[in-house]
Amino acid sequence: MRKFACLLLALALLAPCAARGELMDAALETAPPIPLLCESAVLVEPESGQILFEQNADERRPVASVTKVMAILLALEALEAGRATLEDPVPVSQTAAGMGGSQVLLDAGETLPFETLLKSMIAGSANDATVAIGEYLYGSHQLFVDRMNERAQELGMADTHFVNSTGLPAEGHYTTARDVARMTVEMLKHPLYFEYSTIWLDSVIHESGRETQLTNTNRLIRLYDGCDGGKTGSTNEAGYCISATAERGGMRLIAVVLGAQSSSDRFDTAASMFDYGFANYRLYPVAKSGAKIKGEMPVEGGNLPSIALMLQGDLTLLMKKGTEQSVELLPNLPQSVQAPLDMGDAVGSVDVVLDGRKIARIAVVAAQAVGRQDFADGLRRVFGRWLFQ
């Protein structure tokens with residue numbers, strides 16, 4: 001064990017990139033370092049999955065139109081899977097046209113391109129466009145909502161339940177700041193999203209020739225340097241909410257703010273969270289999946305005496321500036337492994353510990369296959385030892 005611990009520690013400081021959408025368990029800071037003018041909040045770096053800090057992040061709350069992050073995600077996934085195209089004609093039902101709240105004022109019976117409705121949902125937070133897309137993809141609004149709940153469970157959003165796709169007030173409709181961050185991370189995997197999230201002003205031309213103006217509900221798009229996406233929401237029950245994202249210097253952050261008392265508190269709090277994160281943290285890309293570990297692991301009962309090991313997963317290190325020397329690497333490796341092994345089989349792991357707290361884990365896997373030792377292998381090994389004594 002000591003031998004292989006030394007081999008691992010000979011590597012540069014490493015921290016794994018969690019699968020995007022999978023957040024690490026513990027925040028890097030034990031308490032919010034800045035005042036947060038809201039009920040719940042979380043600041044996340046999506047590449048590493050690290051939570052920088054949080055406040056009441058697991059408190060179940062209504063979040064108004066921030067709900068549409070999941071609706072947008074399903075629409076983007078349908079496009080990527082080929083279940084829809086941007087050019088598809090989408091009919092508008094009476095149900096969709098009759099949605100209250102923010103709308104693009106669709107006419108029942110008209111047909112508009114999928115892209116027009118997607119743009120209206122992302123930039124304009126249009127309830128009618130959201131329902132129209134959901135009905136087109138899943139057959140009915142209820143089936144769309146069912147799929148939203150299924151997708152939430154797939155993402156590990158255990159404290160989320162959707163009753164509708166729009167976020168309009170409904171009993172039993174809730175989520176949390178942490179779960180909002182999870183689905184936002186997943187949504188941002190799709191580059192097409194940013195083609196619409198950065199629109200500030202646009203318009204929708206209806207089938208009748210009528211025109212409806214679109215204005216982005218996320219004013220940080222214009223007012224915060226680096227902000228290129230997000231979803232707002234507000235109702236009396238939810239307060240003022242936002243899940244916003246910004247990128248500077250190659251590092252992206254997601255700020256979730258729920259239950260603010262005013263629109264300005266919502267935007268000011270998200271901006272302050274971004275300011276703190278960009279000023280105090282840096283993302284260190286260190287290695288890529290498949291990086292070899294120096295030395296080899298002994299094999300018991302194999303046709304090879306030892307095998308090479310490698311790290312599984314892309315590796316990054318999110319660190320508070322100036323604290324790089326506080327990282328410890330704690331390997332979890334056996335003395336040897338038992339044949340047979342396939343390439344990629346798990347062998348152990350490395351925990352990355354900062355100030356006594358585990359912040360990440362990276363898998364260590366076999367870099368090559370090894371079979372069981374047969375009689376001929378044993379003879380060759382014995383003969384080799386005798387010949388070269």
# chains A, B, ... in the order shown; residues from 1 in each chain; ligands from 1
$ closest_atom_pairs --of "segment 139-208 of chain A" --to "segment 256-278 of chain A" --cutoff "9 Å" --atoms "only C-alpha atoms" --output "JSON lines"
{"residue": "A:Thr176", "atom": "CA", "partner": "A:Leu258", "partner_atom": "CA", "distance": 8.4}
{"residue": "A:Ala177", "atom": "CA", "partner": "A:Val256", "partner_atom": "CA", "distance": 6.0}
{"residue": "A:Arg178", "atom": "CA", "partner": "A:Val256", "partner_atom": "CA", "distance": 8.1}
{"residue": "A:Val180", "atom": "CA", "partner": "A:Val256", "partner_atom": "CA", "distance": 7.2}
{"residue": "A:Ala181", "atom": "CA", "partner": "A:Val256", "partner_atom": "CA", "distance": 6.6}
$ residues_around --residues "Tyr193 of chain A" --least-positions-apart "6" --cutoff "8 Å" --atoms "only C-alpha atoms" --output "ChimeraX atom specification"
/A:76,122,187
$ write_last_selection --atoms "all heavy atoms" --output "compact mmCIF listing (two decimals), in the first residue's frame"
# COMPACT_ATOMS: atom_id res chain seq x y z
N LEU A 76 -34.59 20.27 -25.56
CA LEU A 76 -33.25 20.18 -26.14
C LEU A 76 -32.84 18.72 -26.33
O LEU A 76 -32.22 18.37 -27.35
CB LEU A 76 -32.24 20.90 -25.25
CG LEU A 76 -32.41 22.42 -25.14
CD1 LEU A 76 -31.50 22.99 -24.05
CD2 LEU A 76 -32.14 23.10 -26.48
N ILE A 122 -37.39 29.94 -23.91
CA ILE A 122 -36.10 30.22 -23.28
C ILE A 122 -35.93 31.71 -22.99
O ILE A 122 -35.58 32.10 -21.87
CB ILE A 122 -34.95 29.72 -24.18
CG1 ILE A 122 -34.97 28.18 -24.25
CG2 ILE A 122 -33.59 30.20 -23.66
CD1 ILE A 122 -33.95 27.59 -25.22
N MET A 187 -29.00 21.12 -18.38
CA MET A 187 -29.46 21.95 -19.50
C MET A 187 -28.30 22.60 -20.22
O MET A 187 -28.29 22.70 -21.46
CB MET A 187 -30.42 23.02 -18.98
CG MET A 187 -30.97 23.95 -20.05
SD MET A 187 -32.07 25.23 -19.38
CE MET A 187 -30.88 26.27 -18.48
$ closest_residue --among "A:Ala41, A:Ile254, A:Ala108, A:Ala64" --to "Asn236 of chain A" --atoms "only C-alpha atoms"
A:Ala64
$ residues_around --residues "Thr111 of chain A" --least-positions-apart "2" --cutoff "9 Å" --atoms "only C-alpha atoms" --output "mmCIF file with N, CA and C atoms, in the first residue's frame"
data_model
loop_
_atom_site.group_PDB
_atom_site.id
_atom_site.type_symbol
_atom_site.label_atom_id
_atom_site.label_comp_id
_atom_site.auth_asym_id
_atom_site.auth_seq_id
_atom_site.Cartn_x
_atom_site.Cartn_y
_atom_site.Cartn_z
ATOM 1 N N PRO A 89 -43.418 21.835 -37.720
ATOM 2 C CA PRO A 89 -44.603 22.662 -37.444
ATOM 3 C C PRO A 89 -45.317 22.147 -36.192
ATOM 4 N N VAL A 90 -45.527 23.017 -35.235
ATOM 5 C CA VAL A 90 -46.131 22.624 -33.957
ATOM 6 C C VAL A 90 -47.508 23.281 -33.843
ATOM 7 N N PRO A 91 -48.569 22.493 -33.734
ATOM 8 C CA PRO A 91 -49.908 23.077 -33.579
ATOM 9 C C PRO A 91 -50.124 23.596 -32.160
ATOM 10 N N VAL A 92 -50.888 24.657 -32.056
ATOM 11 C CA VAL A 92 -51.171 25.270 -30.753
ATOM 12 C C VAL A 92 -52.596 24.905 -30.343
ATOM 13 N N ASP A 107 -52.201 31.963 -30.686
ATOM 14 C CA ASP A 107 -53.601 31.785 -31.072
ATOM 15 C C ASP A 107 -53.913 30.291 -31.139
ATOM 16 N N ALA A 108 -55.014 29.888 -30.524
ATOM 17 C CA ALA A 108 -55.442 28.489 -30.630
ATOM 18 C C ALA A 108 -55.676 28.145 -32.094
ATOM 19 N N GLY A 109 -55.111 27.027 -32.528
ATOM 20 C CA GLY A 109 -55.287 26.578 -33.890
ATOM 21 C C GLY A 109 -54.178 26.981 -34.839
ATOM 22 N N PRO A 113 -43.270 27.155 -36.063
ATOM 23 C CA PRO A 113 -42.096 26.279 -36.022
ATOM 24 C C PRO A 113 -41.660 25.980 -34.582
ATOM 25 N N HIS A 206 -46.854 35.697 -35.854
ATOM 26 C CA HIS A 206 -47.890 34.668 -35.784
ATOM 27 C C HIS A 206 -48.384 34.304 -37.180
ATOM 28 N N GLU A 207 -49.108 33.208 -37.252
ATOM 29 C CA GLU A 207 -49.624 32.729 -38.533
ATOM 30 C C GLU A 207 -50.523 33.772 -39.191
#
$ residues_around --residues "Thr130 of chain A" --least-positions-apart "5" --cutoff "8 Å" --atoms "only C-alpha atoms" --output "number ranges by chain"
A: 68, 71, 96, 117-118, 121, 165-166
$ atom_distance --atom1 "atom CA of Ala246 of chain A" --atom2 "atom CA of Gly226 of chain A"
4.9 Å
$ select_by_dssp --residues "segment 152-355 of chain A" --states "helix (DSSP H, G or I)" --output "PyMOL selection string"
chain A and resi 152-154+177-187+193-197+220-223+263-280+324-326
$ closest_residue --among "A:Gly302, A:Gly322, A:Pro33, A:Gly249" --to "Gly371 of chain A" --atoms "only C-alpha atoms"
A:Gly302
$ residues_around --residues "Val63 of chain A" --least-positions-apart "2" --cutoff "7 Å" --atoms "only C-alpha atoms" --output "list in words"
Arg61, Ser65, Val66, Thr67, Gly167, Tyr174, Gly233, Ala238, Cys241 and Leu258 of chain A
$ residues_around --residues "Met99 of chain A" --least-positions-apart "2" --cutoff "9 Å" --atoms "only C-alpha atoms" --output "mmCIF file with all heavy atoms, in the first residue's frame"
data_model
loop_
_atom_site.group_PDB
_atom_site.id
_atom_site.type_symbol
_atom_site.label_atom_id
_atom_site.label_comp_id
_atom_site.auth_asym_id
_atom_site.auth_seq_id
_atom_site.Cartn_x
_atom_site.Cartn_y
_atom_site.Cartn_z
ATOM 1 N N GLN A 94 -55.989 24.686 -27.697
ATOM 2 C CA GLN A 94 -56.712 25.635 -26.847
ATOM 3 C C GLN A 94 -56.110 25.655 -25.445
ATOM 4 O O GLN A 94 -56.020 26.710 -24.807
ATOM 5 C CB GLN A 94 -58.192 25.242 -26.779
ATOM 6 C CG GLN A 94 -59.054 26.232 -26.016
ATOM 7 C CD GLN A 94 -59.131 27.581 -26.712
ATOM 8 O OE1 GLN A 94 -59.484 27.653 -27.883
ATOM 9 N NE2 GLN A 94 -58.782 28.642 -26.001
ATOM 10 N N THR A 95 -55.663 24.475 -24.978
ATOM 11 C CA THR A 95 -55.036 24.407 -23.650
ATOM 12 C C THR A 95 -53.779 25.265 -23.597
ATOM 13 O O THR A 95 -53.584 26.042 -22.659
ATOM 14 C CB THR A 95 -54.677 22.951 -23.305
ATOM 15 O OG1 THR A 95 -55.861 22.164 -23.287
ATOM 16 C CG2 THR A 95 -53.989 22.864 -21.950
ATOM 17 N N ALA A 96 -52.924 25.126 -24.608
ATOM 18 C CA ALA A 96 -51.691 25.906 -24.634
ATOM 19 C C ALA A 96 -51.986 27.398 -24.741
ATOM 20 O O ALA A 96 -51.417 28.217 -24.000
ATOM 21 C CB ALA A 96 -50.817 25.455 -25.795
ATOM 22 N N ALA A 97 -52.883 27.773 -25.644
ATOM 23 C CA ALA A 97 -53.189 29.188 -25.856
ATOM 24 C C ALA A 97 -53.834 29.814 -24.626
ATOM 25 O O ALA A 97 -53.733 31.035 -24.419
ATOM 26 C CB ALA A 97 -54.100 29.349 -27.074
ATOM 27 N N GLY A 101 -50.337 33.788 -16.954
ATOM 28 C CA GLY A 101 -48.971 34.211 -16.662
ATOM 29 C C GLY A 101 -48.281 34.767 -17.893
ATOM 30 O O GLY A 101 -48.907 35.290 -18.817
ATOM 31 N N SER A 102 -46.961 34.660 -17.928
ATOM 32 C CA SER A 102 -46.193 35.183 -19.054
ATOM 33 C C SER A 102 -46.487 34.372 -20.304
ATOM 34 O O SER A 102 -46.491 33.143 -20.271
ATOM 35 C CB SER A 102 -44.696 35.159 -18.734
ATOM 36 O OG SER A 102 -44.274 33.849 -18.416
ATOM 37 N N GLN A 103 -46.745 35.077 -21.415
ATOM 38 C CA GLN A 103 -47.141 34.410 -22.652
ATOM 39 C C GLN A 103 -46.523 35.113 -23.850
ATOM 40 O O GLN A 103 -46.089 36.259 -23.765
ATOM 41 C CB GLN A 103 -48.662 34.436 -22.823
ATOM 42 C CG GLN A 103 -49.468 33.843 -21.684
ATOM 43 C CD GLN A 103 -50.948 34.066 -21.886
ATOM 44 O OE1 GLN A 103 -51.518 33.589 -22.867
ATOM 45 N NE2 GLN A 103 -51.573 34.794 -20.984
ATOM 46 N N ASN A 127 -45.410 30.708 -21.107
ATOM 47 C CA ASN A 127 -46.126 29.527 -20.648
ATOM 48 C C ASN A 127 -46.837 28.814 -21.798
ATOM 49 O O ASN A 127 -46.858 27.578 -21.858
ATOM 50 C CB ASN A 127 -47.158 29.919 -19.590
ATOM 51 C CG ASN A 127 -46.522 30.379 -18.296
ATOM 52 O OD1 ASN A 127 -45.378 30.031 -18.001
ATOM 53 N ND2 ASN A 127 -47.250 31.171 -17.527
ATOM 54 N N ASP A 128 -47.448 29.599 -22.707
ATOM 55 C CA ASP A 128 -48.194 28.968 -23.803
ATOM 56 C C ASP A 128 -47.256 28.203 -24.741
ATOM 57 O O ASP A 128 -47.569 27.095 -25.181
ATOM 58 C CB ASP A 128 -49.021 30.004 -24.568
ATOM 59 C CG ASP A 128 -48.283 31.295 -24.890
ATOM 60 O OD1 ASP A 128 -47.082 31.396 -24.558
ATOM 61 O OD2 ASP A 128 -48.907 32.211 -25.468
ATOM 62 N N VAL A 131 -46.199 24.826 -23.025
ATOM 63 C CA VAL A 131 -47.220 23.778 -23.077
ATOM 64 C C VAL A 131 -47.361 23.241 -24.495
ATOM 65 O O VAL A 131 -47.514 22.025 -24.703
ATOM 66 C CB VAL A 131 -48.561 24.312 -22.540
ATOM 67 C CG1 VAL A 131 -49.670 23.283 -22.745
ATOM 68 C CG2 VAL A 131 -48.431 24.655 -21.051
ATOM 69 N N THR A 166 -45.039 24.816 -16.250
ATOM 70 C CA THR A 166 -44.849 26.258 -16.327
ATOM 71 C C THR A 166 -44.388 26.902 -15.029
ATOM 72 O O THR A 166 -43.809 27.983 -15.038
ATOM 73 C CB THR A 166 -46.168 26.932 -16.745
ATOM 74 O OG1 THR A 166 -47.160 26.666 -15.738
ATOM 75 C CG2 THR A 166 -46.646 26.409 -18.089
#
$ residues_around --residues "Met310 of chain A" --least-positions-apart "2" --cutoff "10 Å" --atoms "only C-alpha atoms" --output "NGL selection string"
:A and (289-294 or 296 or 308 or 312-313 or 343-344 or 346-347 or 363-368)
$ write_last_selection --atoms "N, CA and C atoms" --output "tab-separated table (two decimals), in the first residue's frame"
chain	number	residue	atom	x	y	z
A	289	SER	N	-9.02	11.84	-18.76
A	289	SER	CA	-9.28	10.42	-18.52
A	289	SER	C	-8.25	9.57	-19.27
A	290	GLY	N	-7.72	8.55	-18.58
A	290	GLY	CA	-6.71	7.68	-19.18
A	290	GLY	C	-5.30	8.03	-18.78
A	291	ALA	N	-5.12	9.08	-17.94
A	291	ALA	CA	-3.77	9.43	-17.48
A	291	ALA	C	-3.18	8.26	-16.71
A	292	LYS	N	-1.98	7.83	-17.08
A	292	LYS	CA	-1.35	6.67	-16.47
A	292	LYS	C	-0.72	7.04	-15.12
A	293	ILE	N	-0.76	6.08	-14.20
A	293	ILE	CA	-0.08	6.21	-12.91
A	293	ILE	C	1.26	5.51	-13.01
A	294	LYS	N	2.29	6.14	-12.51
A	294	LYS	CA	3.63	5.54	-12.56
A	294	LYS	C	3.67	4.26	-11.74
A	296	GLU	N	3.42	-0.14	-11.42
A	296	GLU	CA	2.42	-1.13	-11.77
A	296	GLU	C	1.92	-1.85	-10.52
A	308	ALA	N	-0.45	-2.04	-15.50
A	308	ALA	CA	-0.46	-0.59	-15.37
A	308	ALA	C	-1.84	-0.12	-14.90
A	312	GLN	N	-9.65	7.26	-14.14
A	312	GLN	CA	-10.85	7.22	-14.97
A	312	GLN	C	-11.63	8.51	-14.77
A	313	GLY	N	-11.78	9.28	-15.84
A	313	GLY	CA	-12.53	10.53	-15.77
A	313	GLY	C	-11.62	11.73	-15.97
A	343	MET	N	-9.50	-4.45	-19.20
A	343	MET	CA	-9.11	-3.05	-19.22
A	343	MET	C	-10.31	-2.20	-18.79
A	344	GLY	N	-10.08	-1.28	-17.86
A	344	GLY	CA	-11.16	-0.43	-17.36
A	344	GLY	C	-11.81	-0.93	-16.11
A	346	ALA	N	-12.42	-1.56	-12.30
A	346	ALA	CA	-12.07	-0.75	-11.14
A	346	ALA	C	-11.06	-1.47	-10.26
A	347	VAL	N	-10.06	-0.74	-9.82
A	347	VAL	CA	-9.03	-1.28	-8.93
A	347	VAL	C	-9.08	-0.57	-7.58
A	363	ALA	N	-11.74	7.48	-9.72
A	363	ALA	CA	-11.55	6.03	-9.81
A	363	ALA	C	-10.19	5.71	-10.42
A	364	VAL	N	-9.57	4.65	-9.93
A	364	VAL	CA	-8.35	4.09	-10.51
A	364	VAL	C	-8.72	2.76	-11.13
A	365	VAL	N	-8.38	2.57	-12.41
A	365	VAL	CA	-8.80	1.37	-13.13
A	365	VAL	C	-7.60	0.71	-13.81
A	366	ALA	N	-7.79	-0.54	-14.22
A	366	ALA	CA	-6.75	-1.27	-14.95
A	366	ALA	C	-6.56	-0.65	-16.33
A	367	ALA	N	-5.29	-0.41	-16.68
A	367	ALA	CA	-4.98	0.18	-17.98
A	367	ALA	C	-4.78	-0.88	-19.05
A	368	GLN	N	-4.86	-2.16	-18.66
A	368	GLN	CA	-4.70	-3.26	-19.61
A	368	GLN	C	-5.43	-4.48	-19.06
$ select_by_dssp --residues "segment 26-145 of chain A" --states "strand (DSSP E)" --output "ChimeraX atom specification"
/A:40-45,50-55,89-91,111-113
$ write_last_selection --atoms "all heavy atoms" --output "short mmCIF file (atom, residue, chain, number, x, y, z; two decimals), in the first residue's frame"
data_model
loop_
_atom_site.label_atom_id
_atom_site.label_comp_id
_atom_site.auth_asym_id
_atom_site.auth_seq_id
_atom_site.Cartn_x
_atom_site.Cartn_y
_atom_site.Cartn_z
N SER A 40 -33.29 30.67 -0.13
CA SER A 40 -32.42 29.54 -0.47
C SER A 40 -31.48 29.96 -1.60
O SER A 40 -31.86 30.75 -2.47
CB SER A 40 -33.23 28.33 -0.93
OG SER A 40 -34.15 27.92 0.05
N ALA A 41 -30.28 29.39 -1.59
CA ALA A 41 -29.31 29.72 -2.64
C ALA A 41 -28.23 28.65 -2.70
O ALA A 41 -27.96 27.95 -1.71
CB ALA A 41 -28.67 31.08 -2.38
N VAL A 42 -27.59 28.55 -3.86
CA VAL A 42 -26.43 27.68 -4.02
C VAL A 42 -25.60 28.22 -5.18
O VAL A 42 -26.15 28.72 -6.16
CB VAL A 42 -26.86 26.21 -4.26
CG1 VAL A 42 -27.63 26.06 -5.55
CG2 VAL A 42 -25.66 25.28 -4.24
N LEU A 43 -24.28 28.15 -5.03
CA LEU A 43 -23.35 28.55 -6.09
C LEU A 43 -22.54 27.33 -6.48
O LEU A 43 -21.89 26.71 -5.64
CB LEU A 43 -22.43 29.67 -5.61
CG LEU A 43 -21.44 30.22 -6.66
CD1 LEU A 43 -22.19 30.89 -7.81
CD2 LEU A 43 -20.46 31.21 -6.01
N VAL A 44 -22.56 26.98 -7.77
CA VAL A 44 -22.01 25.72 -8.26
C VAL A 44 -21.05 25.99 -9.42
O VAL A 44 -21.30 26.85 -10.26
CB VAL A 44 -23.14 24.79 -8.75
CG1 VAL A 44 -22.60 23.56 -9.46
CG2 VAL A 44 -24.03 24.39 -7.59
N GLU A 45 -19.95 25.20 -9.45
CA GLU A 45 -19.07 25.16 -10.62
C GLU A 45 -19.39 23.84 -11.32
O GLU A 45 -19.10 22.77 -10.78
CB GLU A 45 -17.60 25.24 -10.18
CG GLU A 45 -16.62 25.48 -11.32
CD GLU A 45 -16.45 24.25 -12.21
OE1 GLU A 45 -16.11 23.18 -11.68
OE2 GLU A 45 -16.70 24.37 -13.43
N GLN A 50 -18.50 20.98 -8.04
CA GLN A 50 -18.29 21.52 -6.69
C GLN A 50 -19.33 22.59 -6.34
O GLN A 50 -19.66 23.45 -7.17
CB GLN A 50 -16.90 22.15 -6.56
CG GLN A 50 -15.77 21.14 -6.51
CD GLN A 50 -15.74 20.32 -5.24
OE1 GLN A 50 -15.03 19.33 -5.17
NE2 GLN A 50 -16.48 20.71 -4.23
N ILE A 51 -19.83 22.52 -5.14
CA ILE A 51 -20.66 23.58 -4.57
C ILE A 51 -19.74 24.50 -3.79
O ILE A 51 -19.04 24.07 -2.87
CB ILE A 51 -21.74 22.99 -3.65
CG1 ILE A 51 -22.68 22.10 -4.46
CG2 ILE A 51 -22.51 24.10 -2.95
CD1 ILE A 51 -23.65 21.31 -3.61
N LEU A 52 -19.71 25.78 -4.15
CA LEU A 52 -18.84 26.72 -3.44
C LEU A 52 -19.43 27.07 -2.09
O LEU A 52 -18.74 27.03 -1.08
CB LEU A 52 -18.61 27.98 -4.28
CG LEU A 52 -17.59 27.86 -5.42
CD1 LEU A 52 -18.10 26.97 -6.55
CD2 LEU A 52 -17.19 29.22 -5.97
N PHE A 53 -20.72 27.44 -2.08
CA PHE A 53 -21.42 27.66 -0.81
C PHE A 53 -22.92 27.54 -1.06
O PHE A 53 -23.38 27.54 -2.20
CB PHE A 53 -21.06 29.01 -0.17
CG PHE A 53 -21.34 30.21 -1.03
CD1 PHE A 53 -22.61 30.78 -1.07
CD2 PHE A 53 -20.33 30.81 -1.77
CE1 PHE A 53 -22.87 31.89 -1.85
CE2 PHE A 53 -20.58 31.93 -2.56
CZ PHE A 53 -21.86 32.47 -2.59
N GLU A 54 -23.66 27.44 0.03
CA GLU A 54 -25.11 27.23 -0.08
C GLU A 54 -25.83 27.81 1.12
O GLU A 54 -25.22 28.06 2.17
CB GLU A 54 -25.42 25.74 -0.19
CG GLU A 54 -24.97 24.95 1.02
CD GLU A 54 -25.16 23.45 0.85
OE1 GLU A 54 -24.51 22.86 -0.02
OE2 GLU A 54 -25.97 22.89 1.61
N GLN A 55 -27.12 28.00 0.97
CA GLN A 55 -27.98 28.44 2.07
C GLN A 55 -29.34 27.77 1.90
O GLN A 55 -30.02 27.98 0.89
CB GLN A 55 -28.14 29.96 2.05
CG GLN A 55 -29.14 30.50 3.08
CD GLN A 55 -29.18 32.01 3.11
OE1 GLN A 55 -28.25 32.65 3.61
NE2 GLN A 55 -30.23 32.61 2.56
N PRO A 89 -43.42 21.84 -37.72
CA PRO A 89 -44.60 22.66 -37.44
C PRO A 89 -45.32 22.15 -36.19
O PRO A 89 -45.65 20.97 -36.10
CB PRO A 89 -45.46 22.48 -38.69
CG PRO A 89 -45.06 21.15 -39.24
CD PRO A 89 -43.61 20.94 -38.87
N VAL A 90 -45.53 23.02 -35.23
CA VAL A 90 -46.13 22.62 -33.96
C VAL A 90 -47.51 23.28 -33.84
O VAL A 90 -47.61 24.52 -33.84
CB VAL A 90 -45.25 23.05 -32.77
CG1 VAL A 90 -45.91 22.68 -31.45
CG2 VAL A 90 -43.87 22.39 -32.88
N PRO A 91 -48.57 22.49 -33.73
CA PRO A 91 -49.91 23.08 -33.58
C PRO A 91 -50.12 23.60 -32.16
O PRO A 91 -49.60 23.04 -31.19
CB PRO A 91 -50.84 21.90 -33.88
CG PRO A 91 -50.03 20.69 -33.51
CD PRO A 91 -48.60 21.02 -33.82
N THR A 111 -50.24 27.26 -36.20
CA THR A 111 -49.09 26.36 -36.23
C THR A 111 -47.83 27.19 -36.41
O THR A 111 -47.76 28.02 -37.33
CB THR A 111 -49.22 25.35 -37.38
OG1 THR A 111 -50.40 24.56 -37.18
CG2 THR A 111 -48.01 24.42 -37.43
N LEU A 112 -46.85 26.96 -35.53
CA LEU A 112 -45.60 27.71 -35.58
C LEU A 112 -44.42 26.74 -35.53
O LEU A 112 -44.53 25.63 -35.00
CB LEU A 112 -45.50 28.68 -34.39
CG LEU A 112 -46.48 29.86 -34.40
CD1 LEU A 112 -46.37 30.64 -33.09
CD2 LEU A 112 -46.21 30.78 -35.58
N PRO A 113 -43.27 27.16 -36.06
CA PRO A 113 -42.10 26.28 -36.02
C PRO A 113 -41.66 25.98 -34.58
O PRO A 113 -41.76 26.84 -33.70
CB PRO A 113 -41.03 27.08 -36.77
CG PRO A 113 -41.78 28.05 -37.60
CD PRO A 113 -43.01 28.39 -36.83
#
$ atom_distance --atom1 "atom CA of Asp355 of chain A" --atom2 "atom CA of Met319 of chain A"
11.7 Å
$ atom_distance --atom1 "atom CA of Gly100 of chain A" --atom2 "atom CA of Ile199 of chain A"
23.1 Å
$ closest_residue --among "A:Leu106, A:Phe144, A:Ser326, A:Glu237" --to "Ser208 of chain A" --atoms "only C-alpha atoms"
A:Leu106
